[in-house]
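Text of entry06.pdb (PDB, C-alpha atoms and all ligand atoms) as supplied:
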```pdb
ATOM      1  CA  MET K 572      18.957  13.461   5.996  1.00  0.00           C
ATOM      2  CA  ASP K 573      18.628  16.101   8.761  1.00  0.00           C
ATOM      3  CA  ASN K 574      15.888  18.104   7.075  1.00  0.00           C
ATOM      4  CA  TRP K 575      13.611  15.202   6.111  1.00  0.00           C
ATOM      5  CA  ARG K 576      10.632  16.680   7.977  1.00  0.00           C
ATOM      6  CA  GLU K 577      10.754  19.870   5.906  1.00  0.00           C
ATOM      7  CA  GLN K 578      11.047  17.783   2.752  1.00  0.00           C
ATOM      8  CA  ALA K 579       8.092  15.581   3.745  1.00  0.00           C
ATOM      9  CA  VAL K 580       5.955  18.671   4.423  1.00  0.00           C
ATOM     10  CA  ALA K 581       6.966  20.153   1.055  1.00  0.00           C
ATOM     11  CA  LEU K 582       6.082  16.890  -0.734  1.00  0.00           C
ATOM     12  CA  VAL K 583       2.610  16.909   0.810  1.00  0.00           C
ATOM     13  CA  GLU K 584       1.956  20.606   0.239  1.00  0.00           C
ATOM     14  CA  ARG K 585       3.400  20.853  -3.286  1.00  0.00           C
ATOM     15  CA  SER K 586       2.431  17.477  -4.764  1.00  0.00           C
ATOM     16  CA  ILE K 587      -0.069  15.441  -2.756  1.00  0.00           C
ATOM     17  CA  ALA K 588      -2.687  17.972  -1.593  1.00  0.00           C
ATOM     18  CA  PRO K 589      -2.752  19.877  -4.942  1.00  0.00           C
ATOM     19  CA  GLN K 590      -3.519  16.605  -6.771  1.00  0.00           C
ATOM     20  CA  GLY K 591      -6.803  16.362  -4.868  1.00  0.00           C
ATOM     21  CA  ILE K 592      -6.061  14.502  -1.630  1.00  0.00           C
ATOM     22  CA  ALA K 593      -8.041  16.363   1.046  1.00  0.00           C
ATOM     23  CA  ASN K 594      -8.069  13.758   3.848  1.00  0.00           C
ATOM     24  CA  LYS K 595      -6.122  15.444   6.671  1.00  0.00           C
ATOM     25  CA  ASN K 596      -5.249  12.134   8.345  1.00  0.00           C
ATOM     26  CA  ILE K 597      -3.419  11.033   5.196  1.00  0.00           C
ATOM     27  CA  LEU K 598      -1.654  14.377   4.716  1.00  0.00           C
ATOM     28  CA  GLU K 599      -0.533  14.608   8.356  1.00  0.00           C
ATOM     29  CA  ALA K 600       0.638  10.974   8.410  1.00  0.00           C
ATOM     30  CA  MET K 601       2.696  11.487   5.232  1.00  0.00           C
ATOM     31  CA  LYS K 602       4.379  14.509   6.814  1.00  0.00           C
ATOM     32  CA  ALA K 603       5.305  12.364   9.843  1.00  0.00           C
ATOM     33  CA  ILE K 604       6.888   9.393   8.025  1.00  0.00           C
ATOM     34  CA  PRO K 605      10.621   9.394   7.127  1.00  0.00           C
ATOM     35  CA  ARG K 606      10.164   7.967   3.584  1.00  0.00           C
ATOM     36  CA  HIS K 607      13.966   7.910   3.075  1.00  0.00           C
ATOM     37  CA  LEU K 608      14.228   4.969   5.501  1.00  0.00           C
ATOM     38  CA  PHE K 609      12.249   2.852   2.999  1.00  0.00           C
ATOM     39  CA  ILE K 610      14.632   3.688   0.129  1.00  0.00           C
ATOM     40  CA  PRO K 611      18.064   2.235  -0.745  1.00  0.00           C
ATOM     41  CA  PRO K 612      20.893   4.564   0.486  1.00  0.00           C
ATOM     42  CA  GLU K 613      22.107   5.466  -3.018  1.00  0.00           C
ATOM     43  CA  LEU K 614      18.667   6.830  -3.997  1.00  0.00           C
ATOM     44  CA  ARG K 615      17.782   8.605  -0.751  1.00  0.00           C
ATOM     45  CA  ALA K 616      18.254  12.066  -2.275  1.00  0.00           C
ATOM     46  CA  TYR K 617      15.036  11.450  -4.259  1.00  0.00           C
ATOM     47  CA  SER K 618      12.968  10.222  -1.294  1.00  0.00           C
ATOM     48  CA  TYR K 619      10.694  13.269  -1.160  1.00  0.00           C
ATOM     49  CA  GLU K 620      10.047  13.585  -4.898  1.00  0.00           C
ATOM     50  CA  ASP K 621       6.623  12.405  -6.079  1.00  0.00           C
ATOM     51  CA  ILE K 622       8.078   9.492  -8.044  1.00  0.00           C
ATOM     52  CA  PRO K 623       8.354   5.695  -7.743  1.00  0.00           C
ATOM     53  CA  LEU K 624      11.895   4.383  -7.069  1.00  0.00           C
ATOM     54  CA  PRO K 625      13.622   0.977  -7.386  1.00  0.00           C
ATOM     55  CA  ILE K 626      14.061  -0.954  -4.112  1.00  0.00           C
ATOM     56  CA  GLY K 627      15.975  -3.988  -5.477  1.00  0.00           C
ATOM     57  CA  GLU K 628      14.692  -7.449  -6.486  1.00  0.00           C
ATOM     58  CA  GLU K 629      13.170  -5.728  -9.580  1.00  0.00           C
ATOM     59  CA  GLN K 630      10.540  -4.095  -7.352  1.00  0.00           C
ATOM     60  CA  THR K 631       9.598  -0.477  -6.689  1.00  0.00           C
ATOM     61  CA  ILE K 632       8.288   1.752  -3.929  1.00  0.00           C
ATOM     62  CA  SER K 633       5.133   3.353  -5.340  1.00  0.00           C
ATOM     63  CA  GLN K 634       4.780   7.049  -6.172  1.00  0.00           C
ATOM     64  CA  PRO K 635       3.615   8.889  -3.015  1.00  0.00           C
ATOM     65  CA  PHE K 636       0.536  10.292  -4.783  1.00  0.00           C
ATOM     66  CA  ILE K 637      -0.676   6.775  -5.725  1.00  0.00           C
ATOM     67  CA  VAL K 638      -0.107   5.613  -2.130  1.00  0.00           C
ATOM     68  CA  ALA K 639      -2.174   8.556  -0.879  1.00  0.00           C
ATOM     69  CA  LYS K 640      -4.872   7.991  -3.521  1.00  0.00           C
ATOM     70  CA  MET K 641      -5.285   4.278  -2.755  1.00  0.00           C
ATOM     71  CA  THR K 642      -5.359   5.010   0.983  1.00  0.00           C
ATOM     72  CA  ASP K 643      -8.054   7.643   0.371  1.00  0.00           C
ATOM     73  CA  LEU K 644     -10.114   5.136  -1.646  1.00  0.00           C
ATOM     74  CA  LEU K 645      -9.906   2.579   1.191  1.00  0.00           C
ATOM     75  CA  ALA K 646     -11.716   5.145   3.401  1.00  0.00           C
ATOM     76  CA  LEU K 647     -10.789   3.364   6.647  1.00  0.00           C
ATOM     77  CA  GLU K 648     -11.205   4.547  10.214  1.00  0.00           C
ATOM     78  CA  GLN K 649      -8.817   4.321  13.137  1.00  0.00           C
ATOM     79  CA  GLY K 650      -8.727   0.787  14.534  1.00  0.00           C
ATOM     80  CA  ASP K 651      -9.933  -0.849  11.293  1.00  0.00           C
ATOM     81  CA  LYS K 652      -8.203  -4.013  10.116  1.00  0.00           C
ATOM     82  CA  VAL K 653      -6.532  -3.767   6.722  1.00  0.00           C
ATOM     83  CA  LEU K 654      -4.683  -6.323   4.604  1.00  0.00           C
ATOM     84  CA  GLU K 655      -1.992  -5.244   2.151  1.00  0.00           C
ATOM     85  CA  ILE K 656      -0.806  -7.527  -0.671  1.00  0.00           C
ATOM     86  CA  GLY K 657       2.764  -6.558  -1.685  1.00  0.00           C
ATOM     87  CA  THR K 658       4.684  -5.047   1.259  1.00  0.00           C
ATOM     88  CA  GLY K 659       7.656  -4.041  -0.936  1.00  0.00           C
ATOM     89  CA  SER K 660       9.498  -1.267   0.905  1.00  0.00           C
ATOM     90  CA  GLY K 661       6.869  -1.142   3.655  1.00  0.00           C
ATOM     91  CA  TYR K 662       5.970   2.533   3.095  1.00  0.00           C
ATOM     92  CA  GLN K 663       2.275   1.886   2.353  1.00  0.00           C
ATOM     93  CA  SER K 664       2.004  -0.280   5.491  1.00  0.00           C
ATOM     94  CA  ALA K 665       3.684   2.469   7.510  1.00  0.00           C
ATOM     95  CA  LEU K 666       1.156   5.040   6.265  1.00  0.00           C
ATOM     96  CA  LEU K 667      -1.773   2.831   7.300  1.00  0.00           C
ATOM     97  CA  ALA K 668      -0.134   2.094  10.664  1.00  0.00           C
ATOM     98  CA  GLU K 669       0.623   5.783  11.251  1.00  0.00           C
ATOM     99  CA  MET K 670      -3.114   6.453  10.669  1.00  0.00           C
ATOM    100  CA  GLY K 671      -3.991   3.951  13.390  1.00  0.00           C
ATOM    101  CA  MET K 672      -5.090   0.928  11.354  1.00  0.00           C
ATOM    102  CA  LYS K 673      -4.302  -2.649  12.351  1.00  0.00           C
ATOM    103  CA  VAL K 674      -2.194  -3.745   9.394  1.00  0.00           C
ATOM    104  CA  THR K 675      -1.433  -7.201   8.048  1.00  0.00           C
ATOM    105  CA  THR K 676       0.938  -7.087   5.071  1.00  0.00           C
ATOM    106  CA  ILE K 677       2.130  -9.931   2.816  1.00  0.00           C
ATOM    107  CA  GLU K 678       5.294 -10.038   0.683  1.00  0.00           C
ATOM    108  CA  ARG K 679       6.481 -12.934  -1.506  1.00  0.00           C
ATOM    109  CA  ILE K 680      10.176 -11.907  -1.525  1.00  0.00           C
ATOM    110  CA  GLU K 681      11.742 -12.818   1.804  1.00  0.00           C
ATOM    111  CA  LEU K 682      14.586 -10.286   1.562  1.00  0.00           C
ATOM    112  CA  LEU K 683      12.166  -7.360   1.115  1.00  0.00           C
ATOM    113  CA  ALA K 684       9.937  -8.569   3.946  1.00  0.00           C
ATOM    114  CA  LEU K 685      12.942  -8.780   6.291  1.00  0.00           C
ATOM    115  CA  LYS K 686      14.147  -5.288   5.328  1.00  0.00           C
ATOM    116  CA  SER K 687      10.707  -3.751   5.862  1.00  0.00           C
ATOM    117  CA  ARG K 688      10.400  -5.463   9.277  1.00  0.00           C
ATOM    118  CA  GLU K 689      13.632  -3.782  10.341  1.00  0.00           C
ATOM    119  CA  VAL K 690      12.227  -0.341   9.433  1.00  0.00           C
ATOM    120  CA  PHE K 691       8.896  -1.061  11.185  1.00  0.00           C
ATOM    121  CA  ARG K 692      10.881  -1.967  14.302  1.00  0.00           C
ATOM    122  CA  GLN K 693      13.037   1.160  14.039  1.00  0.00           C
ATOM    123  CA  LEU K 694       9.894   3.344  13.770  1.00  0.00           C
ATOM    124  CA  SER K 695       8.084   1.381  16.531  1.00  0.00           C
ATOM    125  CA  TYR K 696       5.080   0.349  14.430  1.00  0.00           C
ATOM    126  CA  ASN K 697       3.712  -2.383  16.660  1.00  0.00           C
ATOM    127  CA  ASN K 698       0.421  -2.477  14.718  1.00  0.00           C
ATOM    128  CA  ILE K 699       1.900  -4.135  11.602  1.00  0.00           C
ATOM    129  CA  VAL K 700       1.951  -7.918  11.168  1.00  0.00           C
ATOM    130  CA  SER K 701       4.381  -8.836   8.370  1.00  0.00           C
ATOM    131  CA  ILE K 702       3.858 -12.159   6.578  1.00  0.00           C
ATOM    132  CA  ILE K 703       6.082 -13.854   3.995  1.00  0.00           C
ATOM    133  CA  GLY K 704       3.755 -15.647   1.605  1.00  0.00           C
ATOM    134  CA  ASP K 705       1.705 -15.611  -1.578  1.00  0.00           C
ATOM    135  CA  GLY K 706      -0.727 -12.723  -1.210  1.00  0.00           C
ATOM    136  CA  ARG K 707      -3.067 -14.127  -3.850  1.00  0.00           C
ATOM    137  CA  GLU K 708      -4.460 -16.271  -1.041  1.00  0.00           C
ATOM    138  CA  GLY K 709      -4.996 -13.310   1.281  1.00  0.00           C
ATOM    139  CA  TYR K 710      -4.410 -14.057   4.963  1.00  0.00           C
ATOM    140  CA  SER K 711      -7.392 -15.770   6.531  1.00  0.00           C
ATOM    141  CA  ASP K 712      -5.901 -15.978  10.072  1.00  0.00           C
ATOM    142  CA  ASN K 713      -6.510 -12.241  10.647  1.00  0.00           C
ATOM    143  CA  ALA K 714      -9.703 -11.933   8.528  1.00  0.00           C
ATOM    144  CA  PRO K 715     -12.199 -10.366   8.146  1.00  0.00           C
ATOM    145  CA  TYR K 716     -10.787  -6.997   7.076  1.00  0.00           C
ATOM    146  CA  GLN K 717     -12.518  -3.630   6.656  1.00  0.00           C
ATOM    147  CA  GLY K 718     -10.183  -3.017   3.713  1.00  0.00           C
ATOM    148  CA  ILE K 719      -7.793  -4.890   1.424  1.00  0.00           C
ATOM    149  CA  ILE K 720      -5.230  -3.053  -0.710  1.00  0.00           C
ATOM    150  CA  VAL K 721      -3.270  -4.736  -3.493  1.00  0.00           C
ATOM    151  CA  THR K 722      -0.110  -2.811  -4.421  1.00  0.00           C
ATOM    152  CA  ALA K 723       0.951  -4.898  -7.438  1.00  0.00           C
ATOM    153  CA  GLU K 724      -0.832  -5.221 -10.787  1.00  0.00           C
ATOM    154  CA  ALA K 725      -3.509  -7.927 -10.605  1.00  0.00           C
ATOM    155  CA  SER K 726      -4.713  -9.719 -13.719  1.00  0.00           C
ATOM    156  CA  LYS K 727      -7.821 -10.795 -11.838  1.00  0.00           C
ATOM    157  CA  ILE K 728      -9.629 -10.380  -8.528  1.00  0.00           C
ATOM    158  CA  GLU K 729      -8.988 -13.399  -6.279  1.00  0.00           C
ATOM    159  CA  ASP K 730     -11.982 -14.980  -4.513  1.00  0.00           C
ATOM    160  CA  ALA K 731      -9.901 -15.180  -1.306  1.00  0.00           C
ATOM    161  CA  TRP K 732      -9.701 -11.362  -1.127  1.00  0.00           C
ATOM    162  CA  LEU K 733     -13.462 -10.966  -1.449  1.00  0.00           C
ATOM    163  CA  ASP K 734     -14.123 -13.768   1.061  1.00  0.00           C
ATOM    164  CA  GLN K 735     -11.875 -12.050   3.633  1.00  0.00           C
ATOM    165  CA  LEU K 736     -13.700  -8.666   3.503  1.00  0.00           C
ATOM    166  CA  VAL K 737     -16.474  -7.624   5.899  1.00  0.00           C
ATOM    167  CA  GLY K 738     -19.857  -6.489   4.517  1.00  0.00           C
ATOM    168  CA  ARG K 739     -19.378  -2.907   3.137  1.00  0.00           C
ATOM    169  CA  GLY K 740     -15.591  -3.589   3.119  1.00  0.00           C
ATOM    170  CA  LYS K 741     -13.520  -2.285   0.209  1.00  0.00           C
ATOM    171  CA  LEU K 742     -10.919  -3.937  -2.004  1.00  0.00           C
ATOM    172  CA  VAL K 743      -8.660  -1.360  -3.706  1.00  0.00           C
ATOM    173  CA  LEU K 744      -6.402  -2.603  -6.484  1.00  0.00           C
ATOM    174  CA  PRO K 745      -4.712  -1.817  -9.810  1.00  0.00           C
ATOM    175  CA  LEU K 746      -6.453  -4.176 -12.224  1.00  0.00           C
ATOM    176  CA  SER K 747      -4.672  -4.971 -15.491  1.00  0.00           C
ATOM    177  CA  THR K 748      -6.228  -3.490 -18.629  1.00  0.00           C
ATOM    178  CA  GLY K 749      -4.062  -5.766 -20.774  1.00  0.00           C
ATOM    179  CA  ASN K 750      -1.700  -3.246 -22.444  1.00  0.00           C
ATOM    180  CA  GLY K 751       0.951  -2.709 -19.756  1.00  0.00           C
ATOM    181  CA  LEU K 752      -1.380  -0.364 -17.912  1.00  0.00           C
ATOM    182  CA  CYS K 753      -3.815  -0.915 -15.114  1.00  0.00           C
ATOM    183  CA  ARG K 754      -6.702   1.004 -13.707  1.00  0.00           C
ATOM    184  CA  LEU K 755      -7.475   1.616 -10.054  1.00  0.00           C
ATOM    185  CA  CYS K 756     -10.611  -0.256  -9.076  1.00  0.00           C
ATOM    186  CA  VAL K 757     -12.598  -0.219  -5.849  1.00  0.00           C
ATOM    187  CA  ARG K 758     -14.826  -3.251  -5.339  1.00  0.00           C
ATOM    188  CA  GLN K 759     -17.103  -2.775  -2.350  1.00  0.00           C
ATOM    189  CA  LYS K 760     -18.922  -5.700  -0.804  1.00  0.00           C
ATOM    190  CA  LYS K 761     -22.597  -4.936  -0.251  1.00  0.00           C
ATOM    191  CA  ALA K 762     -23.917  -4.778   3.325  1.00  0.00           C
ATOM    192  CA  ASP K 763     -25.753  -8.055   2.732  1.00  0.00           C
ATOM    193  CA  GLU K 764     -22.729 -10.229   1.980  1.00  0.00           C
ATOM    194  CA  ASN K 765     -24.694 -12.381  -0.451  1.00  0.00           C
ATOM    195  CA  ALA K 766     -25.914  -9.415  -2.485  1.00  0.00           C
ATOM    196  CA  GLY K 767     -22.711  -8.919  -4.495  1.00  0.00           C
ATOM    197  CA  TYR K 768     -20.403  -5.964  -5.116  1.00  0.00           C
ATOM    198  CA  ILE K 769     -20.247  -2.431  -6.461  1.00  0.00           C
ATOM    199  CA  ASP K 770     -17.266  -1.602  -8.714  1.00  0.00           C
ATOM    200  CA  THR K 771     -15.965   1.952  -9.194  1.00  0.00           C
ATOM    201  CA  TRP K 772     -13.102   2.866 -11.559  1.00  0.00           C
ATOM    202  CA  TYR K 773     -10.433   5.549 -11.105  1.00  0.00           C
ATOM    203  CA  ASP K 774      -7.062   6.609 -12.587  1.00  0.00           C
ATOM    204  CA  TYR K 775      -4.937   4.586 -14.997  1.00  0.00           C
ATOM    205  CA  CYS K 776      -1.561   3.673 -13.499  1.00  0.00           C
ATOM    206  CA  ARG K 777       1.502   1.407 -13.749  1.00  0.00           C
ATOM    207  CA  PHE K 778       2.516  -1.215 -11.164  1.00  0.00           C
ATOM    208  CA  VAL K 779       4.869  -4.190 -11.049  1.00  0.00           C
ATOM    209  CA  PRO K 780       2.873  -7.425 -11.562  1.00  0.00           C
ATOM    210  CA  ILE K 781       1.707  -9.915  -8.957  1.00  0.00           C
ATOM    211  CA  LEU K 782       3.857 -13.041  -9.273  1.00  0.00           C
ATOM    212  CA  PRO K 783       3.095 -16.535  -7.930  1.00  0.00           C
ATOM    213  CA  GLY K 784       4.789 -18.271  -5.008  1.00  0.00           C
ATOM    214  CA  VAL K 785       7.398 -17.226  -2.437  1.00  0.00           C
ATOM    215  CA  LYS K 786      11.010 -16.249  -3.276  1.00  0.00           C
ATOM    216  CA  LYS K 787      13.582 -17.199  -0.609  1.00  0.00           C
TER
HETATM  217  N1  LIG K 801       3.382  -1.276  -1.256  1.00  0.00           N
HETATM  218  C1  LIG K 801       4.744  -1.245  -1.722  1.00  0.00           C
HETATM  219  C2  LIG K 801       4.830  -1.350  -3.231  1.00  0.00           C
HETATM  220  C3  LIG K 801       5.542  -2.593  -3.546  1.00  0.00           C
HETATM  221  S1  LIG K 801       5.689  -3.084  -5.213  1.00  0.00           S
HETATM  222  C4  LIG K 801       5.508  -0.075  -1.161  1.00  0.00           C
HETATM  223  O1  LIG K 801       4.886   0.765  -0.490  1.00  0.00           O
HETATM  224  O2  LIG K 801       6.721  -0.017  -1.333  1.00  0.00           O
HETATM  225  C5  LIG K 801       4.789  -4.616  -5.159  1.00  0.00           C
HETATM  226  C6  LIG K 801       5.289  -5.692  -4.244  1.00  0.00           C
HETATM  227  O3  LIG K 801       4.402  -6.799  -4.395  1.00  0.00           O
HETATM  228  C7  LIG K 801       6.689  -6.223  -4.566  1.00  0.00           C
HETATM  229  O4  LIG K 801       7.511  -6.120  -3.443  1.00  0.00           O
HETATM  230  C8  LIG K 801       6.444  -7.673  -4.948  1.00  0.00           C
HETATM  231  O5  LIG K 801       7.485  -8.559  -4.548  1.00  0.00           O
HETATM  232  C9  LIG K 801       5.143  -7.981  -4.219  1.00  0.00           C
HETATM  233  N2  LIG K 801       4.399  -9.129  -4.740  1.00  0.00           N
HETATM  234  C10 LIG K 801       4.253  -9.511  -6.034  1.00  0.00           C
HETATM  235  N3  LIG K 801       3.504 -10.636  -6.118  1.00  0.00           N
HETATM  236  C11 LIG K 801       3.168 -10.973  -4.832  1.00  0.00           C
HETATM  237  C12 LIG K 801       2.419 -12.044  -4.252  1.00  0.00           C
HETATM  238  N4  LIG K 801       1.875 -13.013  -5.005  1.00  0.00           N
HETATM  239  N5  LIG K 801       2.282 -12.069  -2.918  1.00  0.00           N
HETATM  240  C13 LIG K 801       2.857 -11.100  -2.129  1.00  0.00           C
HETATM  241  N6  LIG K 801       3.575 -10.091  -2.618  1.00  0.00           N
HETATM  242  C14 LIG K 801       3.739 -10.011  -3.958  1.00  0.00           C
END
```
Using the file provided, produce a representation of the structure as structure tokens.
Amino acid sequence: MDNWREQAVALVERSIAPQGIANKNILEAMKAIPRHLFIPPELRAYSYEDIPLPIGEEQTISQPFIVAKMTDLLALEQGDKVLEIGTGSGYQSALLAEMGMKVTTIERIELLALKSREVFRQLSYNNIVSIIGDGREGYSDNAPYQGIIVTAEASKIEDAWLDQLVGRGKLVLPLSTGNGLCRLCVRQKKADENAGYIDTWYDYCRFVPILPGVKK
């Protein structure tokens, strides 16, 4: 994959920016990440298409546009702490790390977590902490977070996620609408932590579901 940089630039300029992502930090970071390293060898030819792809264990790497969109909705700044539920391939974590966030990411399937760690090491992302565990509980050791992103379909919003956000922090997740679809939701904690939340709704989308427990 000698020309991956050209392909990454083309993906951003032909598919991501035209779909309404204007945040330059996201666009530049996506151009700088070799997405093919997060994809199984036999599917690498499709790495720079704007499509989700299988990564084994019945899981998928999300469509680049959705990754960009959810990152945009998080609206984080360099140095912010972010928690990701559902590491999968590791591409979403890499995007946040490339943008300078301090990333904690949780994956329930050990094999996927180990694979993603290898790619993080290869790309020298020292600002990603990878945890094998049940992301429904969040990760209180590194809390509080400025942002939490859930990259699997959630049937409900867990109290642990809300508890682990700072005031004004944002939870971005695909919330199940009950018919095989979900809808992107941003739940922002009010500045006064006891004053509740503001919910905003965005695109409909499809994600693999959150499952309980850890798979060794
Ligand atoms: N962010 C990923 C998308 C991964 S798909 C990427 O960029 O590639 C969703 C992932 O969530 C899958 O790998 C799945 O195993 C994981 N997952 C599902 N339920 C989980 C849970 N309870 N805790 C942690 N991870 C979970």
At most 8 Å from ligand LIG 801 (chain K) (all atoms listed in the file): residue list as a CSV table (one decimal) with C-alpha atoms, in the coordinates of the input:
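Saved the output as out.csv:
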```
chain,number,residue,atom,x,y,z
K,609,PHE,CA,12.2,2.9,3.0
K,626,ILE,CA,14.1,-1.0,-4.1
K,628,GLU,CA,14.7,-7.4,-6.5
K,630,GLN,CA,10.5,-4.1,-7.4
K,631,THR,CA,9.6,-0.5,-6.7
K,632,ILE,CA,8.3,1.8,-3.9
K,633,SER,CA,5.1,3.4,-5.3
K,638,VAL,CA,-0.1,5.6,-2.1
K,655,GLU,CA,-2.0,-5.2,2.2
K,656,ILE,CA,-0.8,-7.5,-0.7
K,657,GLY,CA,2.8,-6.6,-1.7
K,658,THR,CA,4.7,-5.0,1.3
K,659,GLY,CA,7.7,-4.0,-0.9
K,660,SER,CA,9.5,-1.3,0.9
K,661,GLY,CA,6.9,-1.1,3.7
K,662,TYR,CA,6.0,2.5,3.1
K,663,GLN,CA,2.3,1.9,2.4
K,664,SER,CA,2.0,-0.3,5.5
K,677,ILE,CA,2.1,-9.9,2.8
K,678,GLU,CA,5.3,-10.0,0.7
K,679,ARG,CA,6.5,-12.9,-1.5
K,680,ILE,CA,10.2,-11.9,-1.5
K,683,LEU,CA,12.2,-7.4,1.1
K,703,ILE,CA,6.1,-13.9,4.0
K,704,GLY,CA,3.8,-15.6,1.6
K,705,ASP,CA,1.7,-15.6,-1.6
K,706,GLY,CA,-0.7,-12.7,-1.2
K,707,ARG,CA,-3.1,-14.1,-3.8
K,721,VAL,CA,-3.3,-4.7,-3.5
K,722,THR,CA,-0.1,-2.8,-4.4
K,723,ALA,CA,1.0,-4.9,-7.4
K,724,GLU,CA,-0.8,-5.2,-10.8
K,778,PHE,CA,2.5,-1.2,-11.2
K,779,VAL,CA,4.9,-4.2,-11.0
K,780,PRO,CA,2.9,-7.4,-11.6
K,781,ILE,CA,1.7,-9.9,-9.0
K,782,LEU,CA,3.9,-13.0,-9.3
K,783,PRO,CA,3.1,-16.5,-7.9
K,784,GLY,CA,4.8,-18.3,-5.0
K,785,VAL,CA,7.4,-17.2,-2.4
```
Can you tell me which residues surround range 620-625 of chain K at a distance of at most 10 Å, considering all atoms listed in the file, apart from same-chain residues fewer than 4 positions away, and format the answer as an MDAnalysis selection string? chainID K and resid 578:579 581:583 585:587 610:611 614:616 629:637 660 778
Find the residues near Ala603 in chain K: any atom within 10 Å, counting only C-alpha atoms, skip ones fewer than 4 places away on the same chain, and give them as an NGL selection string. :K and (575-576 or 579-580 or 597-599 or 666 or 669)
Report as number ranges by chain the full result of the PyMOL selection byres (((chain K and resi 756-759) around 12) and not hetatm) when it is applied to this structure. K: 640-646, 717-722, 724-725, 727-729, 732-734, 736-748, 753-755, 760-764, 766-776
With distances taken over all atoms listed in the file, the candidate from K:Gln735, K:Ser695, K:Asn594, K:Asn750 nearest Val653 in chain K is K:Gln735
CA of Lys602 in chain K to CA of Val700 in chain K: how many Å, to one decimal?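 Interatomic distance here is 23.0 Å.
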Leaving out range 697-699 of chain K and any residue of its chain fewer than 3 positions from it, which residues lie within 7 Å of it when counting only C-alpha atoms, given as a PyMOL selection string? chain K and resi 668+673-675
Let me make sure I understand: among K:Tyr716, K:Lys786, K:Met572, K:Ala600, which one has the smallest atom-to-atom distance to Ala684 in chain K if we use only C-alpha atoms?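 Among the listed residues, K:Lys786 lies closest to Ala684 in chain K.
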Straight-line distance linking CA of Gln649 in chain K with CA of Ser618 in chain K, stated in Å to one decimal: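 CA of Gln649 in chain K sits 26.8 Å away from CA of Ser618 in chain K.
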Work out how far apart CA of Asn574 in chain K and CA of Leu608 in chain K are and give it in Å to one decimal.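 We find that CA of Asn574 in chain K and CA of Leu608 in chain K lie 13.3 Å from each other.
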Smallest atom-to-atom distance to Arg606 in chain K: which of K:Val690, K:Ala588, K:Arg777, K:Asp651, using only C-alpha atoms?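 Under the stated criterion, the closest residue is K:Val690.
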